[in-house]
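Working notes for the structure below.
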Amino acid sequence: MNHKIAFLFPGQGAQIVGMGKEVYEKYEQAKKIYDEVEKISGMPIKQICFEGPQEELNKTENTQIAIFTTSLAILEVLKSKGINAEIAVGLSLGEYTALVYAGILDFNQGVKLIQKRGYYMGNLIPDEKYAMSAIIGLKADKIEEVCKQISTENNFVVPANYNYSDQTVISGNEIAVEEAMNKLKDAGAKRVIKLQTSGPFHTTKLIKSKEAYEKELRNITFKMDKPIKVIKNIDGTFYNQEDNIQEILANHIISPVRFDKAIRLMKEQGVDEFVEIGPGKTLTGFIKKENAEAKLININNLETLEEYIKSKKEMEEIR
């Protein structure tokens, strides 16, 4: 049987103070990534990741580049041990880690883009009170319908993340989100959870952020002649030669994330080992809900990294 691995890269919300510290201290490859990102960005990434405080790490302009750096640092160690994947996918900002891994996006340019993206998404937002909520146990079309019913000119709520077939995250003004939460409970949702994230990410409220970011993307060259396949958040299909990547990544800021479709595509492709690289366990959690038989691995610290490397080495020896 053909064994197929996918690497998964987390997005905003997975960050924790101390992430990457032990890996940085032990592995030269990881150290180099943190040091390079600091040099390119001029930001104290190590301090933000290793020491926090949490409020500082939680600022969008810090979170995005911190998670990106931590995932890439762990990834470099895996690559140095000859461990790779045929398919890569990330959640929101995690897509950039996947693009850098695949060689489609240059590392230096990736750092600069993520720095700008985090800054714009954190700062170019209309001044209102926003909220996000995860809706579990209700089909997406029903959630879309309820959001449409509630949304008016001043009240705004839309699906922002389709995580898997039974979980969708909605986003909008606080009043509209709370109204939607109540209506969706009445409509049969098993659980409705208000999230810590407050920005109206992946909605048209970030249009200014998208427009500013578009200008940054114009200067970037993407190399599409690469063997590793990367799945787009925007529609759950693979990037291909015809794609206008600048346009896709700009629209990504104001469009919902279709991780549900990415899970379906990986299943169709016969992926049987899913390795989440970076803080948290969110993405493997989504996959488990759709694919109970899948082999799921989380590499979010030194211990889990070394366990995985050891298991790979043992597999090689058996072969």
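Please note that chains go A, B, ... in the order of the structure tokens, that every chain numbers its residues from 1, and that ligands are numbered from 1 in the order shown.
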Given only C-alpha atoms, how would the per-residue table for segment 10-127 of chain A near segment 212-233 of chain A read, listing every residue at most 10 Å away with its closest atom pair and distance in Å to one decimal, sorted by chain and number, as CSV?
```
residue,atom,partner,partner_atom,distance
A:Asn84,CA,A:Ile228,CA,9.4
A:Ala85,CA,A:Ile228,CA,7.4
A:Glu86,CA,A:Ile228,CA,5.1
A:Ile87,CA,A:Lys229,CA,4.8
A:Ala88,CA,A:Val230,CA,4.9
A:Val89,CA,A:Ile231,CA,5.2
A:Gly90,CA,A:Asn233,CA,7.6
A:Leu91,CA,A:Asn233,CA,7.0
A:Ser92,CA,A:Asn233,CA,6.7
A:Leu93,CA,A:Asn233,CA,9.7
A:Gly94,CA,A:Asn233,CA,9.5
A:Glu95,CA,A:Asn233,CA,7.3
A:Tyr96,CA,A:Val230,CA,9.9
A:Ala98,CA,A:Val230,CA,6.5
A:Leu99,CA,A:Val230,CA,6.7
A:Val100,CA,A:Phe222,CA,9.9
A:Tyr101,CA,A:Ile228,CA,8.3
A:Ala102,CA,A:Ile228,CA,5.3
A:Gly103,CA,A:Lys226,CA,6.7
A:Ile104,CA,A:Lys223,CA,4.6
A:Leu105,CA,A:Phe222,CA,5.4
A:Asp106,CA,A:Phe222,CA,7.6
A:Gln109,CA,A:Ile220,CA,7.0
A:Gly110,CA,A:Ile220,CA,9.1
A:Lys112,CA,A:Glu216,CA,9.0
A:Leu113,CA,A:Glu216,CA,7.2
A:Lys116,CA,A:Tyr213,CA,7.1
A:Arg117,CA,A:Tyr213,CA,6.4
A:Gly118,CA,A:Tyr213,CA,9.9
A:Tyr119,CA,A:Tyr213,CA,9.6
A:Tyr120,CA,A:Tyr213,CA,7.1
A:Met121,CA,A:Tyr213,CA,9.1
A:Leu124,CA,A:Ala212,CA,8.7
```
Query raised in the report: Got a sec: who's within 12 Å of Glu174 of chain A, counting only C-alpha atoms, leaving out chain neighbours fewer than 3 positions off, as a list in words?
Result: Glu128, Lys129, Tyr130, Ala131, Met132, Ser133, Asn154, Asn155, Phe156, Val157, Val158, Ile170, Ser171, Val177, Glu178, Glu179, Ala180, Met181, Lys194, Leu195, Thr197, Ser198, Gly199 and Pro200 of chain A
Print the selection's residues with N, CA and C atoms to a file, as a compact mmCIF listing (two decimals), in the first residue's frame.
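again_22.txt, freshly written:
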```txt
# COMPACT_ATOMS: atom_id res chain seq x y z
N GLU A 128 -15.13 48.64 15.61
CA GLU A 128 -16.41 48.14 16.16
C GLU A 128 -16.09 47.00 17.11
N LYS A 129 -17.11 46.50 17.80
CA LYS A 129 -16.90 45.33 18.66
C LYS A 129 -17.25 44.07 17.86
N TYR A 130 -16.25 43.20 17.70
CA TYR A 130 -16.46 41.98 16.91
C TYR A 130 -16.40 40.74 17.80
N ALA A 131 -16.91 39.64 17.26
CA ALA A 131 -16.83 38.37 17.98
C ALA A 131 -16.78 37.24 16.97
N MET A 132 -16.31 36.07 17.44
CA MET A 132 -16.32 34.86 16.63
C MET A 132 -16.89 33.73 17.49
N SER A 133 -17.56 32.79 16.84
CA SER A 133 -18.14 31.68 17.59
C SER A 133 -18.08 30.40 16.75
N ASN A 154 -26.28 47.25 9.19
CA ASN A 154 -25.48 47.52 10.39
C ASN A 154 -25.12 46.26 11.18
N ASN A 155 -25.89 45.24 10.98
CA ASN A 155 -25.62 43.97 11.66
C ASN A 155 -24.95 43.03 10.68
N PHE A 156 -23.84 42.41 11.09
CA PHE A 156 -23.05 41.67 10.12
C PHE A 156 -22.56 40.37 10.74
N VAL A 157 -22.94 39.22 10.15
CA VAL A 157 -22.40 37.94 10.62
C VAL A 157 -22.34 36.97 9.44
N VAL A 158 -21.18 36.30 9.30
CA VAL A 158 -20.97 35.36 8.19
C VAL A 158 -20.12 34.17 8.65
N ILE A 170 -18.38 31.29 12.90
CA ILE A 170 -18.99 32.51 12.36
C ILE A 170 -18.29 33.73 12.94
N SER A 171 -18.37 34.84 12.20
CA SER A 171 -17.67 36.06 12.60
C SER A 171 -18.51 37.27 12.23
N VAL A 177 -23.42 38.33 16.10
CA VAL A 177 -22.89 36.99 16.41
C VAL A 177 -23.69 36.38 17.56
N GLU A 178 -23.99 37.19 18.57
CA GLU A 178 -24.75 36.65 19.71
C GLU A 178 -26.17 36.26 19.31
N GLU A 179 -26.77 37.05 18.44
CA GLU A 179 -28.11 36.70 17.93
C GLU A 179 -28.04 35.39 17.14
N ALA A 180 -27.01 35.27 16.30
CA ALA A 180 -26.84 34.05 15.50
C ALA A 180 -26.63 32.83 16.40
N MET A 181 -25.83 33.01 17.47
CA MET A 181 -25.57 31.91 18.40
C MET A 181 -26.88 31.37 18.98
N LYS A 194 -18.29 30.67 22.11
CA LYS A 194 -17.71 31.97 21.77
C LYS A 194 -16.19 31.86 21.87
N LEU A 195 -15.47 32.34 20.87
CA LEU A 195 -14.01 32.17 20.83
C LEU A 195 -13.27 33.38 21.41
N THR A 197 -10.71 34.79 19.96
CA THR A 197 -10.33 35.70 18.87
C THR A 197 -11.44 36.72 18.65
N SER A 198 -11.05 37.97 18.46
CA SER A 198 -12.11 38.99 18.36
C SER A 198 -12.15 39.69 17.00
N GLY A 199 -11.11 39.55 16.19
CA GLY A 199 -11.09 40.25 14.89
C GLY A 199 -12.04 39.59 13.90
N PRO A 200 -12.61 40.37 12.96
CA PRO A 200 -13.53 39.80 11.97
C PRO A 200 -12.76 39.17 10.80
```
Requested in this report: Within segment 39-282 of chain A, find each residue whose DSSP state, derived from the backbone, is helix (DSSP H, G or I), and express the selection as JSON, numbers by chain.
Outcome: {"A": [39, 40, 41, 45, 46, 47, 48, 49, 50, 54, 55, 56, 57, 60, 61, 62, 63, 64, 65, 66, 67, 68, 69, 70, 71, 72, 73, 74, 75, 76, 77, 78, 79, 80, 94, 95, 96, 97, 98, 99, 100, 101, 102, 107, 108, 109, 110, 111, 112, 113, 114, 115, 116, 117, 118, 119, 120, 121, 122, 123, 140, 141, 142, 143, 144, 145, 146, 147, 148, 149, 150, 174, 175, 176, 177, 178, 179, 180, 181, 182, 183, 184, 185, 186, 204, 205, 206, 207, 208, 209, 210, 211, 212, 213, 214, 215, 216, 217, 245, 246, 247, 248, 249, 250, 251, 252, 259, 260, 261, 262, 263, 264, 265, 266, 267, 268, 282]}
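When DSSP reads the backbone of this structure, the residues of segment 31-110 of chain A it assigns to strand (DSSP E) are Ile87, Ala88, Val89 and Gly90 of chain A.
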